[in-house]
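Asks: Could you have a look at this structure, given as structure tokens, before my questions?
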Amino acid sequence: MENFKIKLNRITTFIFDVDGVLTDGSVTLMPDGEQVRTMNIKDGYALQLAVKQGYRVVIISGGKSEMVRKRLNGLGITDVYLGAHAKLDTYKEYLEIYNVNPDEVLYMGDDLPDYEVMKQIGVPTCPADAVQEIKGISIYVSHHNGGRGAVRDVIEQVMKVQGKWTHGDGFVW
């Protein structure tokens, strides 16, 4: 765990999957064919705070829900890559465009489409209910499930280690 905390000092960029990380992986099928997802408000608070504190926050998802994009854009996240079935290609392109070192990246994924990216980054993490293959390559497994605070968990840890976690009025923990 100590090695994990040391690596958090270098994080400038968070990358998250959506289904199973920002959501619990459930999809409600609507009569019009839309697939509705539920996101955790505490994860949302941490995401918008990370953006305000100057972190890069990136979403790479195979899903294509424009409702997801709208929610994330509302939190200040502009780097939202939906329909990204070749996540490794999207990840590499992002690093090149923004000149980001892989050691500066914390990625949270939960299932096999995240595997190749997670093998190449500085801090691979996952929710408690991730598949075993992802848990096996993660240096941190949150005690929260996907869609239930796992995203807030890792953002809060990074920001506290770096002295940037506040409770809204500028007070830093």
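Chain labels run A, B, ... following the order of the structure tokens; each chain numbers its residues from 1, and ligands are numbered from 1 in the order shown.
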Running DSSP on the backbone, which parts of region 80-140 of chain A land in alpha helix (DSSP H), as a PyMOL selection string?
Replies: chain A and resi 87-98+115-118+132-137
Asks: Output N, CA and C atoms of each residue in that selection to a file, as a PDB file, in the first residue's frame.
Replies:
ATOM      1  N   LYS A  87      -9.716   0.726 -26.770  1.00  0.00           N
ATOM      2  CA  LYS A  87      -9.350   1.662 -25.707  1.00  0.00           C
ATOM      3  C   LYS A  87      -7.860   1.971 -25.687  1.00  0.00           C
ATOM      4  N   LEU A  88      -7.035   0.995 -25.996  1.00  0.00           N
ATOM      5  CA  LEU A  88      -5.589   1.214 -25.985  1.00  0.00           C
ATOM      6  C   LEU A  88      -5.203   2.275 -27.023  1.00  0.00           C
ATOM      7  N   ASP A  89      -5.802   2.230 -28.190  1.00  0.00           N
ATOM      8  CA  ASP A  89      -5.514   3.231 -29.224  1.00  0.00           C
ATOM      9  C   ASP A  89      -5.936   4.624 -28.767  1.00  0.00           C
ATOM     10  N   THR A  90      -7.112   4.724 -28.176  1.00  0.00           N
ATOM     11  CA  THR A  90      -7.609   6.012 -27.679  1.00  0.00           C
ATOM     12  C   THR A  90      -6.690   6.546 -26.600  1.00  0.00           C
ATOM     13  N   TYR A  91      -6.280   5.680 -25.689  1.00  0.00           N
ATOM     14  CA  TYR A  91      -5.368   6.050 -24.606  1.00  0.00           C
ATOM     15  C   TYR A  91      -4.043   6.576 -25.159  1.00  0.00           C
ATOM     16  N   LYS A  92      -3.433   5.837 -26.073  1.00  0.00           N
ATOM     17  CA  LYS A  92      -2.136   6.246 -26.639  1.00  0.00           C
ATOM     18  C   LYS A  92      -2.246   7.577 -27.372  1.00  0.00           C
ATOM     19  N   GLU A  93      -3.333   7.754 -28.106  1.00  0.00           N
ATOM     20  CA  GLU A  93      -3.550   9.006 -28.828  1.00  0.00           C
ATOM     21  C   GLU A  93      -3.680  10.171 -27.852  1.00  0.00           C
ATOM     22  N   TYR A  94      -4.416   9.968 -26.766  1.00  0.00           N
ATOM     23  CA  TYR A  94      -4.579  11.020 -25.762  1.00  0.00           C
ATOM     24  C   TYR A  94      -3.222  11.406 -25.167  1.00  0.00           C
ATOM     25  N   LEU A  95      -2.417  10.408 -24.788  1.00  0.00           N
ATOM     26  CA  LEU A  95      -1.106  10.699 -24.200  1.00  0.00           C
ATOM     27  C   LEU A  95      -0.237  11.498 -25.156  1.00  0.00           C
ATOM     28  N   GLU A  96      -0.285  11.134 -26.422  1.00  0.00           N
ATOM     29  CA  GLU A  96       0.534  11.828 -27.417  1.00  0.00           C
ATOM     30  C   GLU A  96       0.069  13.270 -27.611  1.00  0.00           C
ATOM     31  N   ILE A  97      -1.237  13.467 -27.747  1.00  0.00           N
ATOM     32  CA  ILE A  97      -1.774  14.816 -27.977  1.00  0.00           C
ATOM     33  C   ILE A  97      -1.451  15.749 -26.817  1.00  0.00           C
ATOM     34  N   TYR A  98      -1.597  15.247 -25.586  1.00  0.00           N
ATOM     35  CA  TYR A  98      -1.436  16.099 -24.407  1.00  0.00           C
ATOM     36  C   TYR A  98      -0.082  15.935 -23.720  1.00  0.00           C
ATOM     37  N   TYR A 115      -8.128  -4.092 -19.824  1.00  0.00           N
ATOM     38  CA  TYR A 115      -6.908  -4.827 -19.462  1.00  0.00           C
ATOM     39  C   TYR A 115      -5.645  -4.274 -20.127  1.00  0.00           C
ATOM     40  N   GLU A 116      -5.657  -4.125 -21.449  1.00  0.00           N
ATOM     41  CA  GLU A 116      -4.445  -3.703 -22.169  1.00  0.00           C
ATOM     42  C   GLU A 116      -3.993  -2.309 -21.765  1.00  0.00           C
ATOM     43  N   VAL A 117      -4.928  -1.398 -21.576  1.00  0.00           N
ATOM     44  CA  VAL A 117      -4.566  -0.052 -21.127  1.00  0.00           C
ATOM     45  C   VAL A 117      -3.976  -0.121 -19.726  1.00  0.00           C
ATOM     46  N   MET A 118      -4.615  -0.869 -18.848  1.00  0.00           N
ATOM     47  CA  MET A 118      -4.182  -0.916 -17.449  1.00  0.00           C
ATOM     48  C   MET A 118      -2.789  -1.503 -17.284  1.00  0.00           C
ATOM     49  N   GLN A 132     -11.706 -10.750 -11.968  1.00  0.00           N
ATOM     50  CA  GLN A 132     -10.459 -11.197 -11.358  1.00  0.00           C
ATOM     51  C   GLN A 132      -9.220 -10.796 -12.169  1.00  0.00           C
ATOM     52  N   GLU A 133      -9.304 -10.850 -13.497  1.00  0.00           N
ATOM     53  CA  GLU A 133      -8.156 -10.481 -14.322  1.00  0.00           C
ATOM     54  C   GLU A 133      -7.738  -9.031 -14.092  1.00  0.00           C
ATOM     55  N   ILE A 134      -8.699  -8.159 -13.892  1.00  0.00           N
ATOM     56  CA  ILE A 134      -8.414  -6.745 -13.649  1.00  0.00           C
ATOM     57  C   ILE A 134      -7.886  -6.549 -12.227  1.00  0.00           C
ATOM     58  N   LYS A 135      -8.467  -7.229 -11.274  1.00  0.00           N
ATOM     59  CA  LYS A 135      -7.939  -7.155  -9.906  1.00  0.00           C
ATOM     60  C   LYS A 135      -6.485  -7.605  -9.868  1.00  0.00           C
ATOM     61  N   GLY A 136      -6.161  -8.612 -10.682  1.00  0.00           N
ATOM     62  CA  GLY A 136      -4.805  -9.158 -10.695  1.00  0.00           C
ATOM     63  C   GLY A 136      -3.741  -8.196 -11.177  1.00  0.00           C
ATOM     64  N   ILE A 137      -4.097  -7.212 -11.999  1.00  0.00           N
ATOM     65  CA  ILE A 137      -3.103  -6.250 -12.491  1.00  0.00           C
ATOM     66  C   ILE A 137      -3.235  -4.878 -11.826  1.00  0.00           C
TER      67      ILE A 137
END
Asks: Give me the region 80-114 of chain A side of the contact with region 20-44 of chain A, cut-off 9 Å, one line per residue showing its nearest atom pair and distance in Å at one decimal, counting only C-alpha atoms, sorted by chain and residue number, as a Markdown table.
Replies:
| residue | atom | partner | partner_atom | distance |
| --- | --- | --- | --- | --- |
| A:Met108 | CA | A:Val21 | CA | 7.0 |
| A:Gly109 | CA | A:Val21 | CA | 6.3 |
| A:Asp110 | CA | A:Gly20 | CA | 6.0 |
| A:Asp111 | CA | A:Gly20 | CA | 7.8 |
Asks: What does the distance between CA of Arg69 (chain A) and CA of Leu82 (chain A) come to in Å, to one decimal place?
Replies: 7.9 Å
Asks: Pick out the closest residue to Val123 (chain A) from this set: A:Ala46, A:Thr12, A:Ser61, A:Phe4. Count only C-alpha atoms.
Replies: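 Nearest to Val123 (chain A): A:Phe4.
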Asks: With only C-alpha atoms as the atoms that count, which of A:Trp165, A:Tyr81, A:Tyr45, A:Tyr55 lies nearest to Arg10 (chain A)?
Replies: A:Tyr55
Asks: Nearest residue to Ile11 (chain A) out of A:Asp79, A:Asp114, A:Asp103, A:Glu66, using only C-alpha atoms?
Replies: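 When distances to Ile11 (chain A) are compared using only C-alpha atoms, the smallest one comes from A:Asp103.
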Asks: Enumerate the residues of chain A with a DSSP assignment of strand (DSSP E), computed from the backbone, and present them as a list in words.
Replies: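 Residues of chain A classed as strand (DSSP E): Thr13, Phe14, Ile15, Phe16, Thr28, Leu29, Gln35, Val36, Arg56, Val57, Val58, Ile59, Ile60, Asp79, Val80, Tyr81, Val105, Leu106, Tyr107, Met108, Val123, Pro124, Thr125, Cys126, Tyr140 and Val141 of chain A.
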Asks: Mind dumping the selected residues with N, CA and C atoms as a PDB file, in the first residue's frame?
Replies:
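Saved to selection19.pdb:
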ATOM      1  N   THR A  13      -3.405  12.940 -14.177  1.00  0.00           N
ATOM      2  CA  THR A  13      -4.467  12.548 -15.096  1.00  0.00           C
ATOM      3  C   THR A  13      -5.230  11.344 -14.564  1.00  0.00           C
ATOM      4  N   PHE A  14      -6.542  11.457 -14.532  1.00  0.00           N
ATOM      5  CA  PHE A  14      -7.415  10.342 -14.181  1.00  0.00           C
ATOM      6  C   PHE A  14      -8.108   9.874 -15.450  1.00  0.00           C
ATOM      7  N   ILE A  15      -8.127   8.564 -15.675  1.00  0.00           N
ATOM      8  CA  ILE A  15      -8.902   8.001 -16.775  1.00  0.00           C
ATOM      9  C   ILE A  15      -9.843   6.952 -16.196  1.00  0.00           C
ATOM     10  N   PHE A  16     -11.117   7.062 -16.573  1.00  0.00           N
ATOM     11  CA  PHE A  16     -12.126   6.151 -16.065  1.00  0.00           C
ATOM     12  C   PHE A  16     -12.924   5.522 -17.196  1.00  0.00           C
ATOM     13  N   THR A  28     -30.930  -0.058 -17.496  1.00  0.00           N
ATOM     14  CA  THR A  28     -32.386  -0.144 -17.559  1.00  0.00           C
ATOM     15  C   THR A  28     -32.794   0.098 -19.002  1.00  0.00           C
ATOM     16  N   LEU A  29     -33.512  -0.863 -19.571  1.00  0.00           N
ATOM     17  CA  LEU A  29     -33.934  -0.761 -20.957  1.00  0.00           C
ATOM     18  C   LEU A  29     -35.286  -0.056 -21.025  1.00  0.00           C
ATOM     19  N   GLN A  35     -30.901   3.037 -23.219  1.00  0.00           N
ATOM     20  CA  GLN A  35     -30.365   2.304 -22.079  1.00  0.00           C
ATOM     21  C   GLN A  35     -29.966   3.313 -21.010  1.00  0.00           C
ATOM     22  N   VAL A  36     -30.635   3.275 -19.869  1.00  0.00           N
ATOM     23  CA  VAL A  36     -30.443   4.255 -18.808  1.00  0.00           C
ATOM     24  C   VAL A  36     -29.483   3.702 -17.760  1.00  0.00           C
ATOM     25  N   ARG A  56      -6.379  16.488 -15.247  1.00  0.00           N
ATOM     26  CA  ARG A  56      -7.019  16.040 -16.477  1.00  0.00           C
ATOM     27  C   ARG A  56      -7.924  14.872 -16.085  1.00  0.00           C
ATOM     28  N   VAL A  57      -9.169  14.917 -16.506  1.00  0.00           N
ATOM     29  CA  VAL A  57     -10.092  13.818 -16.264  1.00  0.00           C
ATOM     30  C   VAL A  57     -10.598  13.357 -17.619  1.00  0.00           C
ATOM     31  N   VAL A  58     -10.386  12.079 -17.893  1.00  0.00           N
ATOM     32  CA  VAL A  58     -10.668  11.512 -19.195  1.00  0.00           C
ATOM     33  C   VAL A  58     -11.593  10.309 -19.020  1.00  0.00           C
ATOM     34  N   ILE A  59     -12.551  10.176 -19.908  1.00  0.00           N
ATOM     35  CA  ILE A  59     -13.445   9.032 -19.913  1.00  0.00           C
ATOM     36  C   ILE A  59     -13.219   8.278 -21.216  1.00  0.00           C
ATOM     37  N   ILE A  60     -12.963   6.979 -21.106  1.00  0.00           N
ATOM     38  CA  ILE A  60     -12.834   6.116 -22.281  1.00  0.00           C
ATOM     39  C   ILE A  60     -13.792   4.952 -22.094  1.00  0.00           C
ATOM     40  N   ASP A  79     -12.988  15.697 -22.057  1.00  0.00           N
ATOM     41  CA  ASP A  79     -12.339  14.595 -22.770  1.00  0.00           C
ATOM     42  C   ASP A  79     -13.125  13.308 -22.534  1.00  0.00           C
ATOM     43  N   VAL A  80     -14.206  13.155 -23.279  1.00  0.00           N
ATOM     44  CA  VAL A  80     -15.103  12.012 -23.148  1.00  0.00           C
ATOM     45  C   VAL A  80     -15.085  11.257 -24.469  1.00  0.00           C
ATOM     46  N   TYR A  81     -14.512  10.065 -24.445  1.00  0.00           N
ATOM     47  CA  TYR A  81     -14.404   9.235 -25.637  1.00  0.00           C
ATOM     48  C   TYR A  81     -15.382   8.077 -25.515  1.00  0.00           C
ATOM     49  N   VAL A 105      -0.599   8.778 -14.840  1.00  0.00           N
ATOM     50  CA  VAL A 105      -1.987   8.383 -15.077  1.00  0.00           C
ATOM     51  C   VAL A 105      -2.476   7.373 -14.042  1.00  0.00           C
ATOM     52  N   LEU A 106      -3.649   7.652 -13.485  1.00  0.00           N
ATOM     53  CA  LEU A 106      -4.394   6.673 -12.698  1.00  0.00           C
ATOM     54  C   LEU A 106      -5.585   6.276 -13.555  1.00  0.00           C
ATOM     55  N   TYR A 107      -5.702   4.982 -13.818  1.00  0.00           N
ATOM     56  CA  TYR A 107      -6.797   4.461 -14.628  1.00  0.00           C
ATOM     57  C   TYR A 107      -7.621   3.522 -13.760  1.00  0.00           C
ATOM     58  N   MET A 108      -8.939   3.657 -13.838  1.00  0.00           N
ATOM     59  CA  MET A 108      -9.811   2.717 -13.149  1.00  0.00           C
ATOM     60  C   MET A 108     -10.684   2.015 -14.174  1.00  0.00           C
ATOM     61  N   VAL A 123      -0.641   3.873 -12.494  1.00  0.00           N
ATOM     62  CA  VAL A 123      -1.452   3.447 -11.347  1.00  0.00           C
ATOM     63  C   VAL A 123      -2.755   2.812 -11.832  1.00  0.00           C
ATOM     64  N   PRO A 124      -2.732   1.491 -12.079  1.00  0.00           N
ATOM     65  CA  PRO A 124      -3.963   0.794 -12.442  1.00  0.00           C
ATOM     66  C   PRO A 124      -4.785   0.471 -11.194  1.00  0.00           C
ATOM     67  N   THR A 125      -6.056   0.838 -11.221  1.00  0.00           N
ATOM     68  CA  THR A 125      -6.939   0.609 -10.072  1.00  0.00           C
ATOM     69  C   THR A 125      -8.254   0.027 -10.563  1.00  0.00           C
ATOM     70  N   CYS A 126      -9.043  -0.493  -9.619  1.00  0.00           N
ATOM     71  CA  CYS A 126     -10.341  -1.043  -9.998  1.00  0.00           C
ATOM     72  C   CYS A 126     -11.296  -1.017  -8.813  1.00  0.00           C
ATOM     73  N   TYR A 140      -4.188  -1.133  -6.785  1.00  0.00           N
ATOM     74  CA  TYR A 140      -5.131  -0.778  -5.737  1.00  0.00           C
ATOM     75  C   TYR A 140      -6.523  -1.241  -6.151  1.00  0.00           C
ATOM     76  N   VAL A 141      -7.190  -1.947  -5.249  1.00  0.00           N
ATOM     77  CA  VAL A 141      -8.576  -2.358  -5.434  1.00  0.00           C
ATOM     78  C   VAL A 141      -9.393  -1.590  -4.393  1.00  0.00           C
TER      79      VAL A 141
END
Asks: Choose the residue, out of A:Gly122, A:Gly63, A:Pro113, A:Pro127, that has the smallest atom-to-atom separation from Asp153 (chain A); count only C-alpha atoms.
Replies: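 The answer is A:Pro127, which sits nearest to Asp153 (chain A).
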Asks: Which residues are close to region 154-162 of chain A, i.e. within 7 Å by only C-alpha atoms, leaving aside same-chain residues fewer than 3 positions away? Reply as a PyMOL selection string.
Replies: chain A and resi 8-9+46+150-151+165+173
Asks: Can you spit out the residues from that selection as a compact mmCIF listing (two decimals), in the first residue's frame, using C-alpha atoms?
Replies:
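Everything below was put into result-v2.txt:
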# COMPACT_ATOMS: atom_id res chain seq x y z
CA LEU A 8 -0.17 9.04 -6.17
CA ASN A 9 2.17 12.03 -5.84
CA ALA A 46 -15.04 14.24 -6.72
CA ALA A 150 -14.95 3.71 -6.14
CA VAL A 151 -14.19 6.75 -8.31
CA TRP A 165 -8.69 17.84 -1.26
CA TRP A 173 -7.64 18.53 4.46
Asks: Looking at only C-alpha atoms, which of A:Arg148, A:Val18, A:Lys52, A:Gly163 is the one that sits closest to Met67 (chain A)?
Replies: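 The answer is A:Val18, which sits nearest to Met67 (chain A).
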Asks: Record the distance separating CA of Asn73 (chain A) and CA of Lys5 (chain A), expressed in Å with one decimal.
Replies: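 The value is 29.2 Å.
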